[in-house]
Amino acid sequence: MATDSEPLASTRLLLAGTESWIGEFETALETRTGATVQCASAASAAVEAARAGRIDCLVTSKELEDSTGIDLLRTVRDASDTIPVILCTSFGDESVASEAIAANASGYLPVDTFGDAEIESLIQRITQSVGRARREERQRDRARQFDAIFQDPRTATWVLDPDGALRRANKTGGEMIDEDVESVLGEEFWRLPSWSADQGVQADVRRIVETAIEGRFGNAVVTRTFDPDVQVVDLSARPVHDDRGQVRSIVVEAVDISERVALERDLRRSEELHRVTLNNMTDTVLITDEEGEYTYVCPNVNFIFGYTAAEIRELGSIEALLGEDLFDREELAEEGVLKNIEVTATDKAGREHTLLVNVREVSIQDGTLLYSCRDVTKRKQREEALATLQETAREFLYAETQQEIAQQVVDDTAGVLDLDASAVYLFDAETNELHPAAQSSTMERLDGPLPTTRANGEGLVSHSFVQNEAMFFDDVHESARLQDRVTGLRSTAHIPLGDHGVFVVGSSSVSEFDDVLRELADLLAATAEAALDRVTRESQLRRQDRELQQQNEQLTRLNRINETIREIDQAVVQAEASEEIDHAVCDLLTADDRFTFAWIGEENPATGVVEPRAWAGVEQGYLDSVTFTVDETAVEPAGRTAATREITNIPNVAGRLREEDWRTEALPRDFLSVISIPLEYNDLSYGVLNVYAETQAAFDGTVRAVLRELGETIASATSAIERKNALVTRSVTSIEFEIDDPGFVLSKIAQESECELSYQGGIQQTADGSYVIVTVDGAAIDRVEQVAESLIGVDEVRQISGDESGGVLGLRLAEAFLATELADHGAVFRSARATPDSTTLVVEVPESVTPRHISQLIHELFTGVEIRSKQDIDRSSTGPVRSRVFDELTDRQLEVTQTAYYSGFFESPREHTGAEVAEMLGISPPAFSTHIRTVERKLFSALFEEV
């Protein structure tokens, strides 16, 4: 009994109904089996339990409170067709049994009496029904599992007959063989087109199928090629045995492992890449256990520490390499990783390195701590160098000269670049040379005193500057531009500093300049260049400010002097006599403290001394204390200017105080600078203007130019007054000069023609030159005409009259004639007589004009001058008429009248007719007649009106 009831030990039973046996059976089940029993009198409760899946078997009576057992059976079957349902009735018949069977009851049992036999029979029926239900459920599960496996889209599956013929294939298998499965059923699996295209693949497939036919597992990896793709398939054949161990079928599975193969290939490549990376990367990875013992040492450990991996392990724990107390273990446990721990470690060669170490917890084989070490020594050095460079840049702000900056660069090079040999060349644009402005002691020891070099692009320094090219050398001895082959320098850098010069830095070792050092050298040079630019700009600004200030001061002085000049000009215009001009000039120059003292003097030919004729200002007896000797070597400016007729400027009177006596007289009177201006007009001197100032260098270029013009204005005004007075004066001094000057045009004609030439007046000044009429005596007029035409100083010769013994010529001269020069100074050129041996000139000087000036002019114009006689003449009777007539005649009228006069037109009988004279002049006879009548009318009108 117990054995039969064991399957019910874990069964959940529901007894439904209202019949009396229900209670008895519940008790029997609880005592005889280990089943879990529930009872329900209503059909609805039984249906709910069945639908909820809370029961494994339902036993129902025919009658229930709200339904019948048949109806309950049907309802439960609608919900589940797997739950066993047994109908028991105490009032059954064949019709009830038929209904129960039709409703798919698991069993029907009449219980007319309910004793032990009935109870045992019902338990047996329940056990059989539950067992059968469980077996069917397991079969269904297995079928579902097989279908799930068989229909797995990731796996291609085929079912073969025991002889290897294709019986069935899932969807993925059909797609893999690329055939209609129905059309290839019954064919040997290895002969399918999918495998037969490649003999090697077909052989592998046949081998695993035949292995499965023999009852063993077969496996192969095959590669199928589809242009351009390749598919790798993991193919397996598994035999299916029956209860007797016979092969009933063969299941073939294929998995596309192309992606896995590719991943494995990529993984192998990645492993190789990581191996190469770990061997060559600059960071070093170390793994240790909790005790600090190495479990892994990166192969590239020598990059930082110089040790091999084996030597690192021999050092012992990691503390020997990175130091003790590198990190807090508890902090690491909390954070998981500690980053950028700065450590100073020593390599195998004894060099210190600055490392950034990252520590993290890991679980790799026996290792628990991973150390990643990065060498930041160069970066640390660069940071320190940049800090020094920043400090250098701040110090540059206070430098005021290029020399200071050059020295600062040299002083700071060691701190920035860790190189001791450095120098700075500065460019001198005026000499086109690069001068060594500063150099370190190491540079001088290795390369000696640096020479000045021409900016011609030949040497290293010159080439770097001219081409604006930064040059770095691992060994400068390999450069063809190196001029000093005995230099101790090896690694060098030549970096141009813009337009300012070149920065040179180097070492006695080779290959010093890595990328970091080059960058720092460029930064130092760029910083120095910016500082030099600033100093240059500031220097230019200061120079411009000084120039502007000087210009403003000059402008102020110029405005003052111009104001003075305007006042002097007004005074000169209004002056009636030269004495008024002199006094006005001196007064205005010293007014309002413009200048301390001013005076105008004139040379006395008898004494050779400049004698004052007007002065103003603070004289304090200076003119009586100093003798102004006229001499080119004279020390007092007035005497020197009178002799040289050039401006003499003494900007500092105290400069040669012990050498010149006049300075000892001037200095106590606060005459600190002095200037002397010649008063000269038309090469004629009218004296010297002397101006003294109480400041040094008071007479700069602008003031000197203004005062020079003032001197010319004074001389011109004085000359104008003399000419003006000459027009109204009646008394003149007639001076006869004898000259011996072959350059005088009349003397030259007389000498070459061997005749006598006389000039009796009648000069005409035109735009083309001077036109004069001369008489010829003692030579053929044609001969004299030819000689005159051959002279460069004669532009045109006109024969007015003449014969073999003489005549009259009209000469148009290329330059102004003597008469014009004399007229400009108020004198009248009366006559000239030139013979082959000598020439005499007669000049009339009005009493308003100083005869000495005219004599001086004659001496300046000619050589061999000698005064033959002087005679005072009163021109009161003829002067006004002559002056008025000549003032009223036009140049053409004067020319026509002179030609007619000298041609003998007014003689009786006439030597030339009016028509002949008109032909000489190139005009018509009526025009000649008109000019003559006009002149006669003006002459008689002036004569009779004067009378």
# chains A, B, ... in the order shown; residues from 1 in each chain; ligands from 1
$ select_by_dssp --residues "range 720-883 of chain A" --states "strand (DSSP E or B)" --output "ChimeraX atom specification"
/A:731-739,756-759,764-766,769-777,794-802,806-813,828-834,839-846,866-874
$ write_last_selection --atoms "C-alpha atoms" --output "compact mmCIF listing (two decimals), in the first residue's frame"
# COMPACT_ATOMS: atom_id res chain seq x y z
CA SER A 731 75.94 166.35 -56.49
CA VAL A 732 77.93 163.33 -57.68
CA THR A 733 81.49 162.14 -57.47
CA SER A 734 82.94 161.12 -60.80
CA ILE A 735 85.51 158.38 -60.32
CA GLU A 736 87.81 157.20 -63.12
CA PHE A 737 89.09 153.62 -62.79
CA GLU A 738 91.78 151.94 -64.82
CA ILE A 739 91.48 148.18 -64.99
CA GLU A 756 89.70 151.46 -79.53
CA LEU A 757 86.16 150.86 -78.18
CA SER A 758 84.14 153.51 -76.42
CA TYR A 759 80.92 153.21 -74.49
CA GLN A 764 69.23 148.65 -72.44
CA GLN A 765 68.37 145.74 -70.11
CA THR A 766 65.93 143.25 -71.66
CA GLY A 769 70.30 140.28 -71.75
CA SER A 770 72.02 143.69 -71.84
CA TYR A 771 72.10 145.69 -75.07
CA VAL A 772 74.84 148.31 -75.40
CA ILE A 773 76.12 150.53 -78.22
CA VAL A 774 79.86 151.09 -78.64
CA THR A 775 81.93 153.14 -81.06
CA VAL A 776 84.91 151.61 -82.86
CA ASP A 777 88.01 153.52 -83.92
CA VAL A 794 78.18 138.19 -76.84
CA ASP A 795 74.88 136.76 -78.04
CA GLU A 796 74.26 139.15 -80.96
CA VAL A 797 76.16 141.85 -82.87
CA ARG A 798 74.44 144.55 -84.89
CA GLN A 799 76.44 146.87 -87.19
CA ILE A 800 74.87 150.28 -87.00
CA SER A 801 77.40 152.17 -89.07
CA GLY A 802 81.06 151.99 -90.06
CA GLY A 806 85.65 152.31 -87.51
CA GLY A 807 81.97 152.69 -86.83
CA VAL A 808 79.20 151.87 -84.37
CA LEU A 809 78.14 148.38 -83.11
CA GLY A 810 75.20 147.23 -81.05
CA LEU A 811 76.10 144.33 -78.72
CA ARG A 812 73.60 142.06 -76.98
CA LEU A 813 75.51 140.58 -74.03
CA VAL A 828 75.82 155.59 -62.81
CA PHE A 829 78.17 154.07 -65.39
CA ARG A 830 79.07 157.09 -67.55
CA SER A 831 81.66 155.81 -70.00
CA ALA A 832 84.23 153.21 -70.83
CA ARG A 833 87.23 153.40 -73.15
CA ALA A 834 89.08 150.23 -74.05
CA THR A 839 90.70 150.16 -70.16
CA THR A 840 89.28 153.13 -68.26
CA LEU A 841 85.87 153.35 -66.61
CA VAL A 842 84.07 156.48 -65.45
CA VAL A 843 81.47 156.06 -62.70
CA GLU A 844 79.38 158.76 -61.10
CA VAL A 845 78.53 158.16 -57.42
CA PRO A 846 75.76 160.27 -55.86
CA GLU A 866 93.38 151.43 -59.97
CA ILE A 867 91.62 154.73 -59.20
CA ARG A 868 92.96 157.39 -61.59
CA SER A 869 90.89 160.38 -60.42
CA LYS A 870 87.92 161.65 -58.41
CA GLN A 871 85.93 164.79 -59.25
CA ASP A 872 82.83 166.30 -57.64
CA ILE A 873 80.21 167.37 -60.20
CA ASP A 874 76.95 169.25 -59.82
$ atom_distance --atom1 "CA of Gln403 in chain A" --atom2 "CA of Gly415 in chain A"
19.7 Å
$ atom_distance --atom1 "CA of Glu660 in chain A" --atom2 "CA of His583 in chain A"
29.1 Å
$ residues_around --residues "range 188-199 of chain A" --least-positions-apart "6" --cutoff "6 Å" --atoms "only C-alpha atoms" --output "list in words"
Gly164, Ala165, Leu166, Ile177, Val205 and Arg206 of chain A
$ write_last_selection --atoms "C-alpha atoms" --output "mmCIF file, in the first residue's frame"
data_model
loop_
_atom_site.group_PDB
_atom_site.id
_atom_site.type_symbol
_atom_site.label_atom_id
_atom_site.label_comp_id
_atom_site.auth_asym_id
_atom_site.auth_seq_id
_atom_site.Cartn_x
_atom_site.Cartn_y
_atom_site.Cartn_z
ATOM 1 C CA GLY A 164 23.311 9.554 -43.476
ATOM 2 C CA ALA A 165 20.430 10.532 -45.771
ATOM 3 C CA LEU A 166 18.722 13.891 -45.066
ATOM 4 C CA ILE A 177 22.645 24.679 -47.702
ATOM 5 C CA VAL A 205 31.487 16.534 -43.767
ATOM 6 C CA ARG A 206 31.456 12.896 -44.899
#
$ select_by_dssp --residues "range 466-501 of chain A" --states "helix (DSSP H, G or I)" --output "list in words"
Val466, Gln467, Val476, His477 and Glu478 of chain A
$ residues_around --residues "Ala584 in chain A" --least-positions-apart "4" --cutoff "10 Å" --atoms "only C-alpha atoms" --output "list of chain:residue names"
A:Glu567, A:Ile568, A:Asp569, A:Gln570, A:Ala571, A:Val572, A:Ala575, A:Ser578, A:Glu579, A:Glu580, A:Leu588, A:Leu589, A:Ala614, A:Trp615, A:Ala616
$ residues_around --residues "Phe427 in chain A" --least-positions-apart "2" --cutoff "6 Å" --atoms "only C-alpha atoms" --output "mmCIF file with C-alpha atoms, in the first residue's frame"
data_model
loop_
_atom_site.group_PDB
_atom_site.id
_atom_site.type_symbol
_atom_site.label_atom_id
_atom_site.label_comp_id
_atom_site.auth_asym_id
_atom_site.auth_seq_id
_atom_site.Cartn_x
_atom_site.Cartn_y
_atom_site.Cartn_z
ATOM 1 C CA GLU A 433 77.469 94.749 -37.782
ATOM 2 C CA LEU A 434 76.478 92.304 -35.030
ATOM 3 C CA HIS A 500 67.647 93.179 -32.928
ATOM 4 C CA GLY A 501 70.276 90.453 -33.099
#
$ residues_around --residues "range 96-98 of chain A" --least-positions-apart "6" --cutoff "10 Å" --atoms "only C-alpha atoms" --output "MDAnalysis selection string"
chainID A and resid 62 69:70 87:89 104:105 107:110
$ residues_around --residues "Asp514 in chain A" --least-positions-apart "6" --cutoff "12 Å" --atoms "only C-alpha atoms" --output "compact mmCIF listing (two decimals) with C-alpha atoms, in the first residue's frame"
# COMPACT_ATOMS: atom_id res chain seq x y z
CA LYS A 378 61.12 66.53 -18.77
CA ARG A 382 59.88 72.33 -18.49
CA LEU A 417 67.72 75.75 -20.39
CA PHE A 472 70.03 73.88 -33.95
CA PHE A 473 73.09 71.63 -34.21
CA ASP A 474 73.74 68.31 -32.50
CA SER A 491 75.63 71.31 -29.42
CA THR A 492 74.56 74.86 -30.32
CA ALA A 493 71.48 76.90 -31.13
CA LEU A 520 62.26 76.44 -24.28
CA ALA A 521 65.09 78.05 -26.25
$ atom_distance --atom1 "CA of Glu30 in chain A" --atom2 "CA of Glu120 in chain A"
13.1 Å
$ closest_residue --among "A:Tyr294, A:Val635, A:Val609, A:Ile304" --to "Glu319 in chain A" --atoms "only C-alpha atoms"
A:Tyr294
$ closest_residue --among "A:Ala399, A:Ile55, A:Ile749, A:Val285" --to "Val76 in chain A" --atoms "only C-alpha atoms"
A:Ile55
$ closest_residue --among "A:Ala814, A:Gly701, A:Val201, A:Ala423" --to "Gln551 in chain A" --atoms "only C-alpha atoms"
A:Gly701
